[in-house]
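What follows is a short report on a single structure.
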Amino acid sequence: MTILQHPDYANERTRLEATKEYIGLVLTESERNEDAFRADIKDAYARLNSLDGSEGYIALLTSARFLDMTRQNLRQLQQVQSKPYFCRIDVKPENYDQIQPLYIGKASLFRPDTQEPVIVDWRSPIANVYYEGRIGPISYETETGTEHGELFRKRQYTIDGGELHDFRDLDITTRDELLQESLGGSADSRLKDIVSTIQEEQNRVIRAEMYRPMIVQGAAGSGKTTIALHRIAYLIYTYGDKFNPDQFMILAPHQLFLKYIADVLPELGVEAVKQTTYLDFVFEGMGKKLKLTDPNERLYQFLEGGDNVDHLRFVSRFKGSLEYKQGIDAYLDALTLRMLPKEDFKLAKHVICKYQEIRKFFREDYVRLPIYKRVEKIKKILQDRLKAKKKEIFQHIIDHYDNEIDQAFIMYKDPEKRRTNVVKLMDTKEDLLKKVEARSKTLVKDFMAKFPKQTLVAHYREFLQGLPASEEIGFLQAHTFALLDKKKMELEDTAALLYLQHKLFGLLAEFKIRNLVIDEAQDYSVFQLLALKEVLGSDMFTILGDLSQGIHSYRGVESWDKVLDAVFPSGNCNYLVLEQSYRTTVEIMNLANRVIVHSQTPGLVLAKPVVRHGDEPRQEVFTEESDLIARVLSDVEQLKAQGMNSIAVIGKTMAECQRIKQGIDKHGTSLNVHVLDEKEDYGGTDLVIVPAYVVKGLEFDAVFIVNLQEEYTAEELDVKLLYVAMTRPLHRMAVYSMEGKTGLLDMI
Ligand SMILES: Nc1ncnc2c1ncn2[C@@H]1O[C@H](COP(=O)(O)OP(=O)(O)OP(=O)(O)O)[C@@H](O)[C@H]1O
């Protein structure tokens, strides 16, 4: 049966036309009078409230949040005009006698005249039924509690350019055609939104409670990045009355990645969320006091091997550990004792503030402030106290000498002696008052000068100096001092320096961020996560990562259990696992899984591909580099002819990538070929050549893994790098190696 023969076709077309027409009307009207439009909606809501007594239905409509029809929602309506909704659910809320067809889309729209929700936002509570509900009894959470009802139908639509192309009903046995269609599509240099095909396990992550931190271990291609962005959109919608979009931040690994995800939030109608990299955040917080060495330098050292590999491994691991942070805490504690002058604050023997009291201010009352801010606070207190006491002290001196003078009048009978003594006493009094007056002018300044002041870097050096001696610590100290001498730091130092900046001086930028989403979180150390938690003063974290892709595991997460214990010791952190992988074909995923089983990833869970088949990945060995390059280029031409536009050649290192590029240049090609690093954008390039460690998080229609001079061995790092490379393609993959460079590939 074609779509045109479907008994509901006419109705569905009419509904679509009516929706488009209504959107058009709303937009015209709203352009004319946006304020009046808002008032109309409120009015309609008020009428609805009096017309319909069913609380469930009211809650359902309330949940659609038509009251929140803001300018942004209007912009969103403009965006959805050509595809107003993607599905429909037919529900009958309890206590309501009619089945309600609800059309779900990326905006929220309500018809005030008929009280009919025209489009229900995908993030509203009732829309959860589309993602999780089965035909039959259902329940869903609203602001007022759990609502019950029955679901009669789930229908998906293919609408394009405002035209209805197809629709189909879903039940538990039907294949999710929309998902298959979506996954079968072509990769772009930009990530896309997936609102119409969010899967149940992903939906749970997106809608998980906001106030509890959450860790998501998700297989390659399980949608972590996509979910991270949808979760932000969901939280902003759901908790919009408590948090503004600028209180949300997503941290991505590098600029290239930020560009890759840049479009998703605006597509979801969300603006003003801070999207940045961890390093840019650190620099914003502590300023550019030191230059950063290449963040991948350690990785190159491990790839190349060398003399100090074990020591460097220790440096990376230790600098990111809970112990390192605890060491800094102990240093800071000792510092606050050491800094404080062990004396009372007094003027001319008059105690104005006792040492014990100053100590209490410093170590107890203002302990939440950065140390140097506490010093300023104490300065202010002493100034105020001095001002308040000064008059009293002066009076005391005056009284004392006046008394002495009175005594002198009585004691000395001889007028000459009396005169001399009285004059002397009066001069002494004047002198003292002058001295005390002069002293009081610099008293606070002099006292405060006793608090030693050092720069951030000097404090870090001092902390390092005080580490308990051992061979490894000796290496760490020499290594770090050599960097600091050159005014440099390495990525591994950033957690300590950000933390110290926060604890000593306060951050340079004031962050409003309360809710943090971290993608590629397997590369973060425990200390980095703790430092972020501390500086943001919040643990509303969504942490998404994949240990199997932990190519920086020497400095990153060893196991999620460690993160749970060290970063969220109160035990309130949610932990979820996503096994299903959506990116690639069964054939490619199976090969990648045969690679990753060679790693020592703790608690390794293999990715399960959604059932989508494609060509077997090709593996070939060449004796001439020129033949290999020629083969890649002819394959690329073929793939392009088949409509695959996003194609990558992945080399193990940057040097390997440069060699591949030289080979291509030598061979000659009309293709636009570009070697990618972490800063660039690659939209519009025919073929990108990219090192395995940069390609993490990205995806392409087709991938060539090329080994000219380098090979992937059975070493842990190589296994993970190859796995990352193999999990990038959506549709096709080939592994082309020179003779003798097949390493791990021979073992799988
Ligand atoms: N429910 C879904 N519907 C349609 N496409 C999906 C869905 N979930 C994920 N995808 C697609 O799968 C691909 C992988 O998603 P994403 O990059 O977010 O995964 P990831 O877990 O971050 O991957 P990796 O860790 O390998 O970088 C993307 O093309 C995304 O659009």
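Residue numbering restarts at 1 in every chain; chains get A, B, ... in the order shown in the structure tokens, and ligands count up from 1 in that same order.
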
Exercise answer, 8 Å around ligand 1 with only C-alpha atoms and all ligand atoms, as a ChimeraX atom specification
/A:179-180,182-183,187,191-199,202,218-228,519-520,545-546,549,581-584,696-699,724,727-728,730

Take the residues that were just selected and, keeping N, CA and C atoms, output them as a compact mmCIF listing (two decimals), in the first residue's frame.
```txt
# COMPACT_ATOMS: atom_id res chain seq x y z
N LEU A 179 14.89 5.62 12.42
CA LEU A 179 16.27 5.49 12.91
C LEU A 179 17.16 4.93 11.80
N GLN A 180 16.69 3.87 11.14
CA GLN A 180 17.49 3.27 10.08
C GLN A 180 17.76 4.28 8.97
N SER A 182 17.79 7.47 9.26
CA SER A 182 18.69 8.50 9.77
C SER A 182 20.14 8.00 9.78
N LEU A 183 20.33 6.76 10.21
CA LEU A 183 21.69 6.23 10.29
C LEU A 183 22.26 5.93 8.91
N ALA A 187 27.39 11.47 6.41
CA ALA A 187 28.02 12.26 7.48
C ALA A 187 28.29 13.68 7.00
N LEU A 191 27.71 17.86 13.55
CA LEU A 191 26.83 16.88 14.20
C LEU A 191 25.39 17.36 14.05
N LYS A 192 24.43 16.40 14.07
CA LYS A 192 23.03 16.82 13.88
C LYS A 192 22.18 16.48 15.11
N ASP A 193 20.99 17.05 15.15
CA ASP A 193 20.11 16.70 16.26
C ASP A 193 19.36 15.40 15.93
N ILE A 194 18.92 14.71 16.97
CA ILE A 194 18.30 13.39 16.76
C ILE A 194 16.95 13.30 17.47
N VAL A 195 16.29 14.46 17.65
CA VAL A 195 15.07 14.43 18.48
C VAL A 195 14.05 13.39 18.06
N SER A 196 13.97 13.14 16.74
CA SER A 196 12.92 12.21 16.29
C SER A 196 13.28 10.76 16.53
N THR A 197 14.55 10.47 16.81
CA THR A 197 14.93 9.06 16.92
C THR A 197 15.68 8.74 18.21
N ILE A 198 15.55 9.59 19.19
CA ILE A 198 16.21 9.31 20.49
C ILE A 198 15.74 7.94 20.97
N GLN A 199 16.69 7.11 21.38
CA GLN A 199 16.33 5.78 21.84
C GLN A 199 16.12 5.77 23.36
N GLN A 202 18.99 6.25 25.68
CA GLN A 202 19.53 7.61 25.55
C GLN A 202 18.59 8.61 26.22
N GLY A 218 29.76 5.29 27.74
CA GLY A 218 29.05 4.97 26.50
C GLY A 218 30.01 4.48 25.44
N ALA A 219 29.63 3.38 24.79
CA ALA A 219 30.47 2.81 23.74
C ALA A 219 30.68 3.82 22.62
N ALA A 220 31.69 3.56 21.80
CA ALA A 220 31.94 4.43 20.64
C ALA A 220 30.67 4.48 19.79
N GLY A 221 30.24 5.68 19.46
CA GLY A 221 29.07 5.82 18.59
C GLY A 221 27.74 5.63 19.29
N SER A 222 27.76 5.60 20.62
CA SER A 222 26.50 5.38 21.35
C SER A 222 25.69 6.68 21.48
N GLY A 223 26.25 7.76 20.98
CA GLY A 223 25.50 9.02 20.97
C GLY A 223 25.84 9.93 22.14
N LYS A 224 26.99 9.72 22.78
CA LYS A 224 27.32 10.52 23.97
C LYS A 224 27.30 12.02 23.69
N THR A 225 28.02 12.41 22.63
CA THR A 225 28.09 13.84 22.33
C THR A 225 26.70 14.38 22.01
N THR A 226 25.98 13.63 21.21
CA THR A 226 24.63 14.05 20.81
C THR A 226 23.75 14.16 22.05
N ILE A 227 23.80 13.17 22.89
CA ILE A 227 22.97 13.16 24.10
C ILE A 227 23.34 14.32 25.01
N ALA A 228 24.65 14.59 25.11
CA ALA A 228 25.10 15.68 25.99
C ALA A 228 24.38 16.97 25.62
N ASP A 519 32.19 16.23 27.81
CA ASP A 519 32.27 15.17 26.80
C ASP A 519 33.71 14.68 26.74
N GLU A 520 33.89 13.46 26.25
CA GLU A 520 35.23 12.85 26.19
C GLU A 520 35.89 12.90 27.57
N GLY A 545 31.85 9.60 28.75
CA GLY A 545 33.12 9.16 28.20
C GLY A 545 33.12 7.68 27.87
N ASP A 546 34.24 7.25 27.28
CA ASP A 546 34.38 5.83 26.92
C ASP A 546 35.80 5.40 27.26
N GLN A 549 38.23 4.28 24.64
CA GLN A 549 38.88 5.28 23.79
C GLN A 549 39.85 6.14 24.60
N SER A 581 25.55 0.96 19.84
CA SER A 581 26.29 1.94 19.05
C SER A 581 25.54 2.21 17.75
N TYR A 582 25.43 3.47 17.40
CA TYR A 582 24.58 3.85 16.27
C TYR A 582 25.36 4.26 15.04
N ARG A 583 26.65 4.53 15.21
CA ARG A 583 27.36 5.17 14.11
C ARG A 583 27.59 4.26 12.93
N THR A 584 28.13 3.10 13.20
CA THR A 584 28.70 2.34 12.09
C THR A 584 27.97 1.02 11.82
N LYS A 696 39.30 11.60 17.40
CA LYS A 696 38.38 11.17 18.46
C LYS A 696 37.15 12.08 18.49
N GLY A 697 35.95 11.46 18.50
CA GLY A 697 34.72 12.25 18.59
C GLY A 697 34.11 12.59 17.24
N LEU A 698 34.94 12.54 16.18
CA LEU A 698 34.42 12.93 14.86
C LEU A 698 33.94 11.70 14.09
N GLU A 699 33.28 11.94 12.95
CA GLU A 699 32.85 10.80 12.13
C GLU A 699 32.84 11.18 10.66
N VAL A 724 39.88 3.77 18.16
CA VAL A 724 39.29 5.09 17.89
C VAL A 724 39.16 5.29 16.38
N THR A 727 36.41 3.25 14.72
CA THR A 727 35.01 3.53 15.08
C THR A 727 34.55 4.88 14.52
N ARG A 728 35.30 5.47 13.59
CA ARG A 728 34.91 6.76 13.02
C ARG A 728 34.00 6.66 11.79
N LEU A 730 30.95 5.86 9.16
CA LEU A 730 29.53 5.50 9.20
C LEU A 730 29.27 4.29 8.29
```

Report the closest atom pair, with its distance in Å rounded to one decimal, for each residue of region 572-659 of chain A that has an atom no farther than 9 Å from region 666-671 of chain A; count only C-alpha atoms, sort by chain and then rising residue number, and write it as CSV.
```
residue,atom,partner,partner_atom,distance
A:Ser626,CA,A:His667,CA,7.3
A:Ile629,CA,A:His667,CA,7.6
A:Ala630,CA,A:His667,CA,7.1
A:Leu633,CA,A:Thr669,CA,7.8
A:Glu637,CA,A:Leu671,CA,8.8
```

List the spatial neighbours of Val694 (chain A) as a ChimeraX atom specification - criterion: any atom at most 10 Å away, only C-alpha atoms, same-chain residues fewer than 5 positions off excluded. /A:253-254,256-257,296,650,652-654,676-679,721,724-725

Can I get the selected residues back with C-alpha atoms, as an mmCIF file, in the first residue's frame?
```cif
data_model
loop_
_atom_site.group_PDB
_atom_site.id
_atom_site.type_symbol
_atom_site.label_atom_id
_atom_site.label_comp_id
_atom_site.auth_asym_id
_atom_site.auth_seq_id
_atom_site.Cartn_x
_atom_site.Cartn_y
_atom_site.Cartn_z
ATOM 1 C CA PRO A 253 38.256 18.433 23.882
ATOM 2 C CA HIS A 254 39.389 20.990 21.294
ATOM 3 C CA LEU A 256 37.827 21.383 15.981
ATOM 4 C CA PHE A 257 35.346 19.468 18.108
ATOM 5 C CA ASN A 296 49.620 15.907 23.085
ATOM 6 C CA ILE A 650 43.661 8.350 9.389
ATOM 7 C CA LYS A 652 48.783 7.074 13.480
ATOM 8 C CA THR A 653 50.793 10.285 14.020
ATOM 9 C CA MET A 654 51.041 13.749 12.505
ATOM 10 C CA LEU A 676 43.771 18.391 10.013
ATOM 11 C CA ASP A 677 44.970 19.452 13.394
ATOM 12 C CA GLU A 678 42.929 20.225 16.486
ATOM 13 C CA LYS A 679 42.260 23.846 15.628
ATOM 14 C CA LEU A 721 44.276 4.510 18.914
ATOM 15 C CA VAL A 724 39.286 5.090 17.888
ATOM 16 C CA ALA A 725 40.232 5.188 14.199
#
```

Worksheet entry | Distance criterion (only C-alpha atoms): nearest to Ser186 (chain A) out of A:Glu304, A:Met644, A:Val719, A:Ile23 |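 Closest to Ser186 (chain A) of all the choices is A:Met644.
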
Checklist line | A:Tyr157, A:Phe283, A:Tyr712, A:Phe152 ranked by distance to Gly740 (chain A), top pick (using only C-alpha atoms) | finding: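 Smallest separation from Gly740 (chain A) among the options: A:Tyr712.
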
Residue contacts of Ile328 (chain A) (7 Å, only C-alpha atoms) excluding same-chain residues fewer than 4 positions away, as a PyMOL selection string: chain A and resi 324+332+463

task = Find the residue from A:Glu141, A:Glu177, A:Glu587, A:Glu430 that sits nearest to Thr238 (chain A); use only C-alpha atoms when measuring.
result =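 Under the stated criterion, the closest residue is A:Glu141.
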
### Task
State, in Å with one decimal place, the distance from CA of Ile352 (chain A) to CA of Leu382 (chain A).
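Taking CA of Ile352 (chain A) as the start and CA of Leu382 (chain A) as the end point, the length is 8.0 Å.
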
_Just want the 12 Å neighbourhood of region 6-9 of chain A, counted on only C-alpha atoms, with same-chain residues fewer than 5 positions away dropped. Output as a list in words._
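Near neighbours after the sequence-gap exclusion: Met1, Thr14, Arg15, Leu16, Arg155, Tyr157, Leu164, His165, Asp166, Phe167, Arg168 and Asp169 of chain A.
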
For the residues in the current selection, export C-alpha atoms as an mmCIF file, in the first residue's frame.
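Result file is out02.cif:
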```
data_model
loop_
_atom_site.group_PDB
_atom_site.id
_atom_site.type_symbol
_atom_site.label_atom_id
_atom_site.label_comp_id
_atom_site.auth_asym_id
_atom_site.auth_seq_id
_atom_site.Cartn_x
_atom_site.Cartn_y
_atom_site.Cartn_z
ATOM 1 C CA MET A 1 0.000 0.000 0.000
ATOM 2 C CA THR A 14 -4.991 18.295 6.175
ATOM 3 C CA ARG A 15 -3.478 18.338 9.668
ATOM 4 C CA LEU A 16 -0.080 19.230 8.283
ATOM 5 C CA ARG A 155 3.096 7.422 14.512
ATOM 6 C CA TYR A 157 6.296 11.151 9.952
ATOM 7 C CA LEU A 164 4.271 14.831 3.910
ATOM 8 C CA HIS A 165 6.299 12.034 2.341
ATOM 9 C CA ASP A 166 5.507 9.131 4.594
ATOM 10 C CA PHE A 167 4.187 8.049 7.931
ATOM 11 C CA ARG A 168 4.176 4.772 9.821
ATOM 12 C CA ASP A 169 2.883 3.431 13.094
#
```

Please provide as a list in words all residues within 7 Å of Glu150 (chain A), with the sequence filter that same-chain residues fewer than 2 positions apart are discarded (counting only C-alpha atoms).
-> Val91, Lys92, Pro93, Gly136, Pro137, Ile138 and Phe152 of chain A

Go ahead and dump the residues you just picked, all heavy atoms, as a tab-separated table (two decimals), in the first residue's frame.
```tsv
chain	number	residue	atom	x	y	z
A	91	VAL	N	-3.07	9.62	22.99
A	91	VAL	CA	-3.15	9.25	24.40
A	91	VAL	C	-4.51	9.63	24.98
A	91	VAL	O	-5.16	10.58	24.52
A	91	VAL	CB	-2.06	9.97	25.24
A	91	VAL	CG1	-0.70	9.41	24.99
A	91	VAL	CG2	-2.07	11.46	25.02
A	92	LYS	N	-4.88	8.85	25.96
A	92	LYS	CA	-6.10	9.20	26.71
A	92	LYS	C	-5.68	9.33	28.16
A	92	LYS	O	-5.46	8.34	28.85
A	92	LYS	CB	-7.17	8.13	26.56
A	92	LYS	CG	-8.53	8.57	27.14
A	92	LYS	CD	-9.63	7.59	26.81
A	92	LYS	CE	-9.80	6.55	27.91
A	92	LYS	NZ	-10.06	7.08	29.24
A	93	PRO	N	-5.55	10.57	28.61
A	93	PRO	CA	-5.19	10.73	30.02
A	93	PRO	C	-6.32	10.21	30.91
A	93	PRO	O	-7.49	10.29	30.52
A	93	PRO	CB	-5.02	12.24	30.18
A	93	PRO	CG	-4.92	12.78	28.80
A	93	PRO	CD	-5.67	11.85	27.92
A	136	GLY	N	-0.57	0.84	25.25
A	136	GLY	CA	-1.23	0.30	26.45
A	136	GLY	C	-1.14	1.33	27.57
A	136	GLY	O	-0.96	2.52	27.31
A	137	PRO	N	-1.23	0.85	28.82
A	137	PRO	CA	-1.21	1.79	29.94
A	137	PRO	C	0.14	2.53	30.02
A	137	PRO	O	1.18	1.92	29.79
A	137	PRO	CB	-1.39	0.90	31.18
A	137	PRO	CG	-1.79	-0.43	30.65
A	137	PRO	CD	-1.35	-0.54	29.24
A	138	ILE	N	0.07	3.80	30.35
A	138	ILE	CA	1.30	4.60	30.45
A	138	ILE	C	1.24	5.49	31.69
A	138	ILE	O	0.15	5.71	32.24
A	138	ILE	CB	1.47	5.55	29.23
A	138	ILE	CG1	0.15	6.30	28.96
A	138	ILE	CG2	1.97	4.83	28.02
A	138	ILE	CD1	0.33	7.65	28.36
A	152	PHE	N	-2.49	4.81	22.62
A	152	PHE	CA	-3.14	4.03	21.58
A	152	PHE	C	-2.33	3.95	20.30
A	152	PHE	O	-2.48	3.03	19.52
A	152	PHE	CB	-4.52	4.64	21.27
A	152	PHE	CG	-5.49	4.45	22.40
A	152	PHE	CD1	-5.57	5.37	23.43
A	152	PHE	CD2	-6.29	3.31	22.46
A	152	PHE	CE1	-6.44	5.19	24.49
A	152	PHE	CE2	-7.17	3.13	23.52
A	152	PHE	CZ	-7.24	4.06	24.54
```

What separates CA of Lys360 (chain A) and CA of Val375 (chain A) is a distance of 12.3 Å

Check your understanding: Counting only C-alpha atoms, what is within 12 Å of Ile473 (chain A), bar same-chain residues fewer than 2 positions away, as number ranges by chain?
Key -> A: 311-312, 314-316, 318-319, 324, 464-471, 475-481

Identify which of the residues A:Val517, A:Val444, A:Ala449, A:Met589 lies closest to Thr277 (chain A), counting only C-alpha atoms when measuring atom-to-atom distances.
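Using only C-alpha atoms, the shortest distance to Thr277 (chain A) belongs to A:Val517.
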
From the list A:Val632, A:Ile588, A:Leu504, A:Ala531, the nearest residue to Pro370 (chain A) using only C-alpha atoms is A:Leu504

Exercise for review: Write out as a count of residues only all residues of region 384-588 of chain A that backbone DSSP assigns to helix (DSSP H, G or I).
Suggested key: 129

CA of Glu163 (chain A) and CA of Pro101 (chain A) are how many Å apart?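 According to the coordinates, CA of Glu163 (chain A) and CA of Pro101 (chain A) are separated by 19.9 Å.
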
Exercise for review: as a list of chain:residue names, list the residues of region 644-700 of chain A assigned to strand (DSSP E or B) by DSSP on the backbone atoms of this structure.
Suggested key: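 Checking each residue of region 644-700 of chain A, the strand (DSSP E or B) ones are A:Ile647, A:Ala648, A:Val649, A:Ile650, A:Gly651, A:Val673, A:His674, A:Val675, A:Leu687, A:Val688, A:Ile689, A:Val690, A:Pro691, A:Phe700.
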
With N, CA and C atoms retained, export the selected residues as a compact mmCIF listing (two decimals), in the first residue's frame.
```txt
# COMPACT_ATOMS: atom_id res chain seq x y z
N ILE A 647 35.13 12.05 3.80
CA ILE A 647 36.07 10.92 3.76
C ILE A 647 37.36 11.32 4.48
N ALA A 648 37.85 10.38 5.29
CA ALA A 648 39.09 10.69 6.03
C ALA A 648 40.12 9.58 5.85
N VAL A 649 41.37 10.02 5.76
CA VAL A 649 42.48 9.07 5.87
C VAL A 649 43.05 9.28 7.26
N ILE A 650 43.15 8.20 8.02
CA ILE A 650 43.66 8.35 9.39
C ILE A 650 45.05 7.73 9.48
N GLY A 651 46.02 8.56 9.90
CA GLY A 651 47.37 8.06 10.13
C GLY A 651 47.61 8.02 11.63
N VAL A 673 42.61 18.32 -0.68
CA VAL A 673 43.08 17.47 0.42
C VAL A 673 43.67 18.34 1.53
N HIS A 674 43.35 17.98 2.77
CA HIS A 674 43.78 18.85 3.87
C HIS A 674 44.22 18.01 5.07
N VAL A 675 45.38 18.37 5.64
CA VAL A 675 45.81 17.68 6.88
C VAL A 675 45.22 18.46 8.06
N LEU A 687 38.88 15.57 1.06
CA LEU A 687 39.54 14.47 1.78
C LEU A 687 40.37 15.05 2.90
N VAL A 688 40.15 14.56 4.12
CA VAL A 688 40.99 15.04 5.22
C VAL A 688 41.95 13.93 5.64
N ILE A 689 43.14 14.36 6.01
CA ILE A 689 44.12 13.40 6.55
C ILE A 689 44.30 13.82 8.01
N VAL A 690 44.11 12.89 8.90
CA VAL A 690 44.05 13.29 10.31
C VAL A 690 44.68 12.23 11.21
N PRO A 691 45.48 12.67 12.19
CA PRO A 691 46.06 11.68 13.12
C PRO A 691 44.98 11.05 14.01
N PHE A 700 32.94 10.15 9.81
CA PHE A 700 33.02 10.35 8.36
C PHE A 700 32.24 9.23 7.67
```
